[in-house]
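Contents: one structure, followed by commentary.
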Amino acid sequence: MESSSNNSLPTQFPVSHKSFSLNIKGNKTDIVICKYDDCFMVMATQIGCMGTILHARKEESVSTDPTFHVAVIFGKRDEPFLVACARQLIEHISSYGSTRPLVLSLGLKDHSPGSMKEIIYAVIENRLW
């Protein structure tokens, strides 16, 4: 996994963000992570556009075990690995104590489990939460 970064540290204006590129299974993958006041937004693309957009959030409940809700807003609804990717990321965000939801955009050529794992790893390594 090769990586090149446009900014190594998050910028604050107009919104905190990181952007970088890496090679995942032969596909150049551009990733942007943004931290807004009310949510996190992660965009990962191998096709130069946004692709499928998902919304993930932690459900508030009285139960001790957290539950999470992931919904496809636009795009492919029959790709379980996209939903799994969003769920993994919102669980990670929640484990750091944040209550912000996640908006995730995945414009990928390769929807394999291995590609999803590499995207999750890259986002977690460059997290803003």
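Letters A, B, ... mark the chains of the structure tokens in the order given; residue numbers begin at 1 per chain; ligand numbers begin at 1, in order shown.
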
Within 8 Å of region 34-39 of chain A using only C-alpha atoms, minus same-chain residues under 2 positions, as number ranges by chain: A: 15-18, 32, 41-42, 100-103, 128-129

If you run DSSP on this backbone, which residues of region 10-123 of chain A come out as strand (DSSP E), and could you give them as a ChimeraX atom specification? /A:16-24,27-35,40-45,52-59,67-74,102-107

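Every protein or nucleic acid residue with an atom no more than 12 Å from Glu60 (chain A), counting only C-alpha atoms and leaving out same-chain residues fewer than 5 positions away, appears here: A:Asp65, A:Pro66, A:Thr67, A:Phe68, A:His69, A:Ser94, A:Thr99, A:Arg100, A:Pro101.
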
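Using only C-alpha atoms, the residues found no farther than 12 Å from Tyr121 (chain A), other than those of its own chain fewer than 5 positions away, are Met1, Leu22, Ile24, Ile31, Cys85, Gln88, Leu89, His92, Gly114, Ser115, Met116, Asn126 and Arg127 of chain A.
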
Run DSSP on the backbone and tell me which residues of chain A come out as alpha helix (DSSP H); list them as an mmCIF file with N, CA and C atoms, in the first residue's frame.
data_model
loop_
_atom_site.group_PDB
_atom_site.id
_atom_site.type_symbol
_atom_site.label_atom_id
_atom_site.label_comp_id
_atom_site.auth_asym_id
_atom_site.auth_seq_id
_atom_site.Cartn_x
_atom_site.Cartn_y
_atom_site.Cartn_z
ATOM 1 N N PRO A 80 -23.075 -5.438 0.262
ATOM 2 C CA PRO A 80 -22.945 -5.551 1.714
ATOM 3 C C PRO A 80 -21.592 -5.081 2.253
ATOM 4 N N PHE A 81 -20.530 -5.130 1.441
ATOM 5 C CA PHE A 81 -19.227 -4.704 1.941
ATOM 6 C C PHE A 81 -19.154 -3.188 2.108
ATOM 7 N N LEU A 82 -19.950 -2.435 1.355
ATOM 8 C CA LEU A 82 -19.994 -0.991 1.543
ATOM 9 C C LEU A 82 -20.631 -0.668 2.895
ATOM 10 N N VAL A 83 -21.721 -1.357 3.206
ATOM 11 C CA VAL A 83 -22.389 -1.172 4.495
ATOM 12 C C VAL A 83 -21.465 -1.613 5.630
ATOM 13 N N ALA A 84 -20.762 -2.710 5.436
ATOM 14 C CA ALA A 84 -19.831 -3.199 6.464
ATOM 15 C C ALA A 84 -18.707 -2.194 6.716
ATOM 16 N N CYS A 85 -18.236 -1.558 5.667
ATOM 17 C CA CYS A 85 -17.196 -0.547 5.795
ATOM 18 C C CYS A 85 -17.697 0.621 6.645
ATOM 19 N N ALA A 86 -18.894 1.104 6.365
ATOM 20 C CA ALA A 86 -19.481 2.207 7.135
ATOM 21 C C ALA A 86 -19.663 1.804 8.590
ATOM 22 N N ARG A 87 -20.113 0.581 8.811
ATOM 23 C CA ARG A 87 -20.322 0.122 10.187
ATOM 24 C C ARG A 87 -19.011 0.040 10.952
ATOM 25 N N GLN A 88 -17.977 -0.491 10.328
ATOM 26 C CA GLN A 88 -16.663 -0.573 10.985
ATOM 27 C C GLN A 88 -16.164 0.819 11.374
ATOM 28 N N LEU A 89 -16.332 1.771 10.467
ATOM 29 C CA LEU A 89 -15.850 3.122 10.749
ATOM 30 C C LEU A 89 -16.666 3.805 11.855
ATOM 31 N N ILE A 90 -17.995 3.685 11.852
ATOM 32 C CA ILE A 90 -18.796 4.333 12.895
ATOM 33 C C ILE A 90 -18.536 3.674 14.249
ATOM 34 N N GLU A 91 -18.295 2.367 14.265
ATOM 35 C CA GLU A 91 -17.936 1.711 15.525
ATOM 36 C C GLU A 91 -16.616 2.259 16.050
ATOM 37 N N HIS A 92 -15.664 2.474 15.163
ATOM 38 C CA HIS A 92 -14.361 3.010 15.570
ATOM 39 C C HIS A 92 -14.503 4.444 16.077
ATOM 40 N N ILE A 93 -15.259 5.263 15.353
ATOM 41 C CA ILE A 93 -15.493 6.645 15.779
ATOM 42 C C ILE A 93 -16.135 6.664 17.161
ATOM 43 N N SER A 94 -17.140 5.825 17.351
ATOM 44 C CA SER A 94 -17.842 5.753 18.629
ATOM 45 C C SER A 94 -16.929 5.293 19.759
ATOM 46 N N SER A 95 -16.025 4.379 19.463
ATOM 47 C CA SER A 95 -15.122 3.858 20.497
ATOM 48 C C SER A 95 -14.176 4.945 21.022
ATOM 49 N N PRO A 113 -13.595 -7.523 -0.093
ATOM 50 C CA PRO A 113 -13.307 -7.360 1.333
ATOM 51 C C PRO A 113 -11.898 -6.822 1.580
ATOM 52 N N GLY A 114 -10.927 -7.259 0.791
ATOM 53 C CA GLY A 114 -9.550 -6.787 0.971
ATOM 54 C C GLY A 114 -9.421 -5.291 0.722
ATOM 55 N N SER A 115 -10.103 -4.798 -0.295
ATOM 56 C CA SER A 115 -10.068 -3.360 -0.580
ATOM 57 C C SER A 115 -10.731 -2.571 0.540
ATOM 58 N N MET A 116 -11.859 -3.074 1.038
ATOM 59 C CA MET A 116 -12.555 -2.391 2.134
ATOM 60 C C MET A 116 -11.666 -2.324 3.377
ATOM 61 N N LYS A 117 -10.973 -3.424 3.682
ATOM 62 C CA LYS A 117 -10.083 -3.444 4.848
ATOM 63 C C LYS A 117 -8.980 -2.404 4.712
ATOM 64 N N GLU A 118 -8.418 -2.272 3.507
ATOM 65 C CA GLU A 118 -7.355 -1.287 3.303
ATOM 66 C C GLU A 118 -7.874 0.139 3.436
ATOM 67 N N ILE A 119 -9.098 0.392 2.959
ATOM 68 C CA ILE A 119 -9.691 1.721 3.104
ATOM 69 C C ILE A 119 -9.946 2.019 4.581
ATOM 70 N N ILE A 120 -10.523 1.065 5.299
ATOM 71 C CA ILE A 120 -10.780 1.254 6.729
ATOM 72 C C ILE A 120 -9.475 1.531 7.470
ATOM 73 N N TYR A 121 -8.445 0.739 7.186
ATOM 74 C CA TYR A 121 -7.147 0.923 7.834
ATOM 75 C C TYR A 121 -6.588 2.320 7.547
ATOM 76 N N ALA A 122 -6.636 2.756 6.285
ATOM 77 C CA ALA A 122 -6.096 4.059 5.909
ATOM 78 C C ALA A 122 -6.854 5.195 6.598
ATOM 79 N N VAL A 123 -8.176 5.080 6.657
ATOM 80 C CA VAL A 123 -8.973 6.127 7.309
ATOM 81 C C VAL A 123 -8.681 6.174 8.802
ATOM 82 N N ILE A 124 -8.598 5.027 9.445
ATOM 83 C CA ILE A 124 -8.312 4.987 10.882
ATOM 84 C C ILE A 124 -6.920 5.551 11.171
ATOM 85 N N GLU A 125 -5.939 5.219 10.335
ATOM 86 C CA GLU A 125 -4.583 5.734 10.521
ATOM 87 C C GLU A 125 -4.526 7.260 10.385
#

Who sits within 7 Å of Leu108 (chain A), only C-alpha atoms, same chain under 4 positions skipped, as a PyMOL selection string: chain A and resi 45-47
